[in-house]
Each structure stands twice: as C-alpha cells, then as structure tokens.
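Enquirer: Got a structure here, written out as structure tokens. Questions coming.
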Amino acid sequence: MKTLNQLAVMSLFLTAAIWGLSYSAQAQAMDTMSPLIFVFLRYLLGALMLVPAILHSRKKPDKSLITGGILCGICLAGGEILQQFGLLYTTAGKAGFLTALYVIMIPVIGVFINKKSNWKIWCASLLSVAGAFLLCSDGTLGSIGNFGDILMIICALFFAFQFIAIAKFAPQADALQLSAVQFITVSVLSGIAALLAGESCTFAGIAATAKPLLFCGMIAIGFACTIQVAAQKYVHPATTSIILSTASVFAVIWGWLILNEHYSLLNLAGCGIIFAAVILVQLPDKTSA
C-alpha cells in the first residue's frame, strides 16, 4: 500500500505539471486558432479519449448522472471559454495562478449556502485578494491588471461552481462517465458559441494548431484526468488538493521556459501569496481524521 501511495503522489505531481504546461500550450494555440473553436476541439478530443473506458464499463449512465454531468459541464464551459479568451490578453503564468483562486472561492461560496466557515477561509481570501493585486500589477502598484486578468478571475469563479457541482454528483456516479458527459457538454456549448460568433474552422488552422490541440485535448484532459481519478483513491483528499494546486507554479515555470514570459518581483510576490493562500485553505483541521 505504501508503494501505491508513493506512486499515486508522483502521478499527481505529473498531472499538475501537465496541467501547468497546458496554459502555455493554450496560449500558443491562440496564434493559429480562434478561442471557441479551440475549446470545442480540445474537449471533443478529451471526450473521445474516454470512450474506450466507458464502453468497457458495464454500468449504464442514469438520468441523475447525465443531469449532473450537464450541470458540471455548463460551469466548466464557462470557465474554459473565459480562460481561453483571457489568454489573448495575459500571460500563461498569470493565468495559472489566477485560475487557482477557485480553491479559495469554493469555501467562500460555501459560506453563502449555509456551510460552516472558519478563520482559514477568511485569512486565505484576504491573502488571495492581496496576491491577485500584486500578480496583476504592472510592477509599480499603479495598475490592477488588464482585461485578461479580470477574465481569469471570473473564470476561477466558474471553476469553483464546477467543483461544488462535482462534489454533489460525483459520489453517486461513475467518475469516467461523469467526466465524459462534462466534456461533451463543453464541446457542444463551445461549438454552438463558435457558430454564433462566426468563428471558422479550417484544415489549415487545425494543422497549424495540431501540437497544442493534441496536448491539451488528449494529454491534459484525457490522460491527466484519468491519472487523477486513479491516483485519488490512494492519497488523502487534502494532500491531493495541495499537490494539484502546484499546477499554478508549473504554469509560471513553463511560461518562463517556453514562452519567455517575464515577471517583476511584485508579480512573483503575488504568486507566492496566492500559493500560500491555496495551501492554507486546503490544510485539514486538527479535528479532522
């Protein structure tokens, strides 16, 4: 069991590294493909990756699973679409850290739906606000960030609602089937939005975006999400959340290495404060098992 736990922990760090790299891939994709088309194709690929596992399963999806998957997918679509548009205006590293604010938003939203609050929630919330301000500043404290940064903060809110929805529907559902319904919902909604927005999809555009598209669709969604589902069975939920939150750190590292992104000392201080807030809000209470 100890070996399985260690393997699961390493697998979760691999998942975080993959998710962090996906921000750079998403940013690169915007040079050759429109945002809505990219989200549509990315999640279509992700859904197709899960088809063999679903066909192998003997359990048929019920009405509750489909309803839950669609609701989760609506929230996920909102987050992904806003994130993709945001990457037109901000850096991959900033996107990773600002998206990570969903971790703090989840318990704050819980306060408004009659769930218990504690000092960690409010302390982490204040830290996240301070960190976001520094991360989004122009390096002189004279700016609160650009349009892309604002979109990333709103996208984090959508992801927070998505995780709340998953927490409600996942315990009674098959994880892979629920994920598939989510991914299909995102693909359908983004596809409809692309048609309404007049975005076009050409073979030349797909060919030019093949590498980031395949990585984000097949590796970051299909492969990494499957690893996450398998690894979570052997690792404490709090530990899992903390490990996966390092995706924001990997986003900055990959953005620096691949896209030559540069950050001021204030920006990096903001990254550190947000990461501290994310870890703080996920630490288990002394009374928890």
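Within each chain, counting starts at residue 1; across the structure tokens, chains are named A, B, ... in the order shown, with ligands numbered 1 upward in that order.
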Go through range 105-132 of chain A and flag each residue having an atom no more than 10 Å from range 261-269 of chain A; for those, report the closest pair of atoms plus their distance in Å to one decimal, using only C-alpha atoms, ordered by chain and rising number, as CSV.

Expert:
residue,atom,partner,partner_atom,distance
A:Ala130,CA,A:Ala269,CA,9.9
A:Gly131,CA,A:Ala269,CA,7.3
A:Ala132,CA,A:Asn267,CA,8.8

Enquirer: Would you mind listing what lies within 10 Å of Thr90 in chain A as a PyMOL selection string, with only C-alpha atoms counted and same-chain residues fewer than 3 positions away left out?

Expert: chain A and resi 27+83+85-87+93-95+136+145-152

Enquirer: For N, CA and C atoms, I'd like the residues from the last selection saved as a PDB file, in the first residue's frame.

Expert:
ATOM      1  N   ALA A  27      -1.957  29.172 -24.774  1.00  0.00           N
ATOM      2  CA  ALA A  27      -1.526  30.490 -25.231  1.00  0.00           C
ATOM      3  C   ALA A  27      -0.947  30.414 -26.647  1.00  0.00           C
ATOM      4  N   GLN A  83     -11.299  31.477 -19.782  1.00  0.00           N
ATOM      5  CA  GLN A  83      -9.851  31.291 -19.665  1.00  0.00           C
ATOM      6  C   GLN A  83      -9.170  31.401 -21.019  1.00  0.00           C
ATOM      7  N   PHE A  85     -10.212  33.004 -23.751  1.00  0.00           N
ATOM      8  CA  PHE A  85     -10.211  34.392 -24.197  1.00  0.00           C
ATOM      9  C   PHE A  85      -9.219  35.221 -23.381  1.00  0.00           C
ATOM     10  N   GLY A  86      -9.128  34.919 -22.088  1.00  0.00           N
ATOM     11  CA  GLY A  86      -8.204  35.646 -21.226  1.00  0.00           C
ATOM     12  C   GLY A  86      -6.762  35.502 -21.653  1.00  0.00           C
ATOM     13  N   LEU A  87      -6.414  34.340 -22.204  1.00  0.00           N
ATOM     14  CA  LEU A  87      -5.036  34.095 -22.636  1.00  0.00           C
ATOM     15  C   LEU A  87      -4.650  34.927 -23.863  1.00  0.00           C
ATOM     16  N   GLY A  93       1.534  32.212 -17.135  1.00  0.00           N
ATOM     17  CA  GLY A  93       1.834  32.128 -15.706  1.00  0.00           C
ATOM     18  C   GLY A  93       0.776  32.800 -14.853  1.00  0.00           C
ATOM     19  N   LYS A  94       0.377  34.016 -15.245  1.00  0.00           N
ATOM     20  CA  LYS A  94      -0.687  34.707 -14.523  1.00  0.00           C
ATOM     21  C   LYS A  94      -1.983  33.902 -14.578  1.00  0.00           C
ATOM     22  N   ALA A  95      -2.270  33.345 -15.746  1.00  0.00           N
ATOM     23  CA  ALA A  95      -3.497  32.558 -15.917  1.00  0.00           C
ATOM     24  C   ALA A  95      -3.533  31.398 -14.932  1.00  0.00           C
ATOM     25  N   CYS A 136      -1.294  40.937 -10.723  1.00  0.00           N
ATOM     26  CA  CYS A 136      -1.868  41.642 -11.872  1.00  0.00           C
ATOM     27  C   CYS A 136      -1.315  43.055 -12.056  1.00  0.00           C
ATOM     28  N   GLY A 145      -4.255  45.316 -13.218  1.00  0.00           N
ATOM     29  CA  GLY A 145      -4.296  44.238 -14.194  1.00  0.00           C
ATOM     30  C   GLY A 145      -5.070  44.601 -15.442  1.00  0.00           C
ATOM     31  N   ASN A 146      -4.890  43.796 -16.465  1.00  0.00           N
ATOM     32  CA  ASN A 146      -5.558  44.057 -17.732  1.00  0.00           C
ATOM     33  C   ASN A 146      -6.845  43.261 -17.859  1.00  0.00           C
ATOM     34  N   PHE A 147      -7.479  43.359 -19.028  1.00  0.00           N
ATOM     35  CA  PHE A 147      -8.757  42.697 -19.278  1.00  0.00           C
ATOM     36  C   PHE A 147      -8.628  41.179 -19.122  1.00  0.00           C
ATOM     37  N   GLY A 148      -7.489  40.628 -19.570  1.00  0.00           N
ATOM     38  CA  GLY A 148      -7.280  39.182 -19.468  1.00  0.00           C
ATOM     39  C   GLY A 148      -7.234  38.709 -18.029  1.00  0.00           C
ATOM     40  N   ASP A 149      -6.608  39.499 -17.142  1.00  0.00           N
ATOM     41  CA  ASP A 149      -6.548  39.136 -15.721  1.00  0.00           C
ATOM     42  C   ASP A 149      -7.947  39.078 -15.113  1.00  0.00           C
ATOM     43  N   ILE A 150      -8.790  40.047 -15.496  1.00  0.00           N
ATOM     44  CA  ILE A 150     -10.169  40.085 -14.978  1.00  0.00           C
ATOM     45  C   ILE A 150     -10.940  38.862 -15.456  1.00  0.00           C
ATOM     46  N   LEU A 151     -10.756  38.498 -16.728  1.00  0.00           N
ATOM     47  CA  LEU A 151     -11.421  37.302 -17.252  1.00  0.00           C
ATOM     48  C   LEU A 151     -10.986  36.052 -16.499  1.00  0.00           C
ATOM     49  N   MET A 152      -9.696  35.982 -16.124  1.00  0.00           N
ATOM     50  CA  MET A 152      -9.190  34.820 -15.390  1.00  0.00           C
ATOM     51  C   MET A 152      -9.822  34.707 -14.001  1.00  0.00           C
TER      52      MET A 152
END

Enquirer: Neighbours of Val108 in chain A within 12 Å (only C-alpha atoms; same-chain residues fewer than 5 positions away dropped), as an MDAnalysis selection string?

Expert: chainID A and resid 101:103 113:126 128 157 160:161 164 281

Enquirer: Could the residues in this selection be written to a file with N, CA and C atoms, as a short mmCIF file (atom, residue, chain, number, x, y, z; two decimals), in the first residue's frame?

Expert:
data_model
loop_
_atom_site.label_atom_id
_atom_site.label_comp_id
_atom_site.auth_asym_id
_atom_site.auth_seq_id
_atom_site.Cartn_x
_atom_site.Cartn_y
_atom_site.Cartn_z
N LEU A 101 -7.34 30.60 -7.92
CA LEU A 101 -8.17 31.26 -6.91
C LEU A 101 -9.48 30.51 -6.68
N TYR A 102 -9.85 29.60 -7.60
CA TYR A 102 -11.08 28.84 -7.39
C TYR A 102 -11.04 28.05 -6.09
N VAL A 103 -9.82 27.66 -5.68
CA VAL A 103 -9.68 26.87 -4.44
C VAL A 103 -10.16 27.68 -3.24
N ILE A 113 -24.05 29.24 1.21
CA ILE A 113 -25.03 28.17 1.07
C ILE A 113 -25.08 27.35 2.37
N ASN A 114 -24.93 28.10 3.46
CA ASN A 114 -25.11 27.56 4.82
C ASN A 114 -24.11 26.47 5.19
N LYS A 115 -22.87 26.61 4.74
CA LYS A 115 -21.81 25.71 5.20
C LYS A 115 -20.93 26.44 6.19
N LYS A 116 -20.32 25.68 7.10
CA LYS A 116 -19.53 26.29 8.16
C LYS A 116 -18.30 27.02 7.62
N SER A 117 -17.96 28.10 8.32
CA SER A 117 -16.78 28.88 7.97
C SER A 117 -15.78 28.81 9.11
N ASN A 118 -14.53 29.14 8.84
CA ASN A 118 -13.53 29.22 9.89
C ASN A 118 -12.49 30.28 9.52
N TRP A 119 -11.54 30.50 10.41
CA TRP A 119 -10.57 31.57 10.21
C TRP A 119 -9.72 31.37 8.98
N LYS A 120 -9.47 30.11 8.60
CA LYS A 120 -8.63 29.83 7.44
C LYS A 120 -9.25 30.37 6.16
N ILE A 121 -10.58 30.24 6.05
CA ILE A 121 -11.26 30.68 4.83
C ILE A 121 -11.08 32.18 4.63
N TRP A 122 -11.34 32.94 5.69
CA TRP A 122 -11.27 34.39 5.56
C TRP A 122 -9.83 34.89 5.44
N CYS A 123 -8.90 34.23 6.14
CA CYS A 123 -7.49 34.61 6.03
C CYS A 123 -6.99 34.32 4.62
N ALA A 124 -7.33 33.15 4.08
CA ALA A 124 -6.91 32.79 2.73
C ALA A 124 -7.54 33.71 1.70
N SER A 125 -8.77 34.11 1.93
CA SER A 125 -9.45 35.01 0.99
C SER A 125 -8.76 36.36 0.93
N LEU A 126 -8.39 36.90 2.09
CA LEU A 126 -7.68 38.18 2.13
C LEU A 126 -6.31 38.07 1.46
N SER A 128 -5.48 35.94 -0.88
CA SER A 128 -5.67 35.77 -2.32
C SER A 128 -5.95 37.09 -3.02
N LEU A 157 -14.17 31.71 -10.80
CA LEU A 157 -15.48 31.60 -10.15
C LEU A 157 -16.30 30.47 -10.78
N ALA A 160 -14.99 27.23 -9.58
CA ALA A 160 -15.41 26.97 -8.20
C ALA A 160 -16.80 26.35 -8.17
N PHE A 161 -17.71 26.89 -8.97
CA PHE A 161 -19.07 26.32 -9.04
C PHE A 161 -19.04 24.92 -9.64
N ILE A 164 -17.99 22.52 -6.92
CA ILE A 164 -19.11 22.34 -5.98
C ILE A 164 -20.13 21.38 -6.58
N VAL A 281 -5.95 27.16 2.75
CA VAL A 281 -7.37 26.82 2.76
C VAL A 281 -7.59 25.31 2.63
#

Enquirer: In Å, how far is it from CA of Ile37 in chain A to CA of Ser190 in chain A?

Expert: 7.1 Å

Enquirer: Which residue gives the smallest distance to Leu134 in chain A among A:Phe97, A:Phe158, A:Tyr23, A:Ala210, with only C-alpha atoms counted?

Expert: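 Of the candidates, the smallest distance to Leu134 in chain A is held by A:Phe97.
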
Enquirer: Give the answer as one residue: which of A:Phe169, A:Phe223, A:Phe203, A:Tyr234 has the shortest atom-to-atom distance to Gln6 in chain A, using only C-alpha atoms?

Expert: A:Tyr234

Enquirer: Near range 12-15 of chain A, counting only C-alpha atoms, which residues have an atom at most 9 Å away, once you skip same-chain residues fewer than 6 positions from it, shown as a list of chain:residue names?

Expert: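 What passes the distance filter is A:Ala220, A:Phe223, A:Ala224, A:Cys225, A:Ile227, A:Gln228, A:Ala231, A:Gln232, A:Thr240, A:Ile243, A:Leu244, A:Thr246, A:Ala247.
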
Enquirer: If we count only C-alpha atoms and set the cut-off at 12 Å, which residues sit around Val51 in chain A, ignoring sequence neighbours fewer than 6 positions away in its own chain? Please answer as a ChimeraX atom specification.

Expert: /A:44-45,57,176-181,183-184,222

Enquirer: So, with only C-alpha atoms as the atoms that count, which of A:Ala251, A:Leu259, A:Leu214, A:Ile109 lies closest to Phe159 in chain A?

Expert: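 Among the listed residues, the smallest separation from Phe159 in chain A belongs to A:Ile109.
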
Enquirer: Quick one: everything within 8 Å of Val186 in chain A, counting only C-alpha atoms, minus sequence neighbours fewer than 5 positions away in the same chain. Send it as a list in words.

Expert: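 Result of the neighbour search: Val39, Phe40, Tyr43, Gly73, Ile74, Leu76 and Ala77 of chain A.
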
Enquirer: Can you tell me which residues surround Cys155 in chain A at a distance of at most 8 Å, considering only C-alpha atoms, apart from same-chain residues fewer than 6 positions away, and format the answer as a ChimeraX atom specification?

Expert: /A:78-80,82-83,99

Enquirer: Please return as a PyMOL selection string: the residues of range 120-218 of chain A that backbone DSSP assigns to helix (DSSP H, G or I).

Expert: chain A and resi 120-136+147-172+175-197+203-208+210-218

Enquirer: Using only C-alpha atoms, pick whichever of A:Ser22, A:Lys2, A:Ile274, A:Leu280 has the shortest atom-to-atom distance to Leu127 in chain A.

Expert: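 Looking at the shortest contact to Leu127 in chain A, the residue is A:Ile274.
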
Enquirer: Grab the CA of Asp62 in chain A to CA of Leu50 in chain A distance for me, in Å with one decimal place.

Expert: 17.5 Å

Enquirer: Record the distance separating CA of Ile221 in chain A and CA of Ala16 in chain A, expressed in Å with one decimal.

Expert: 11.7 Å
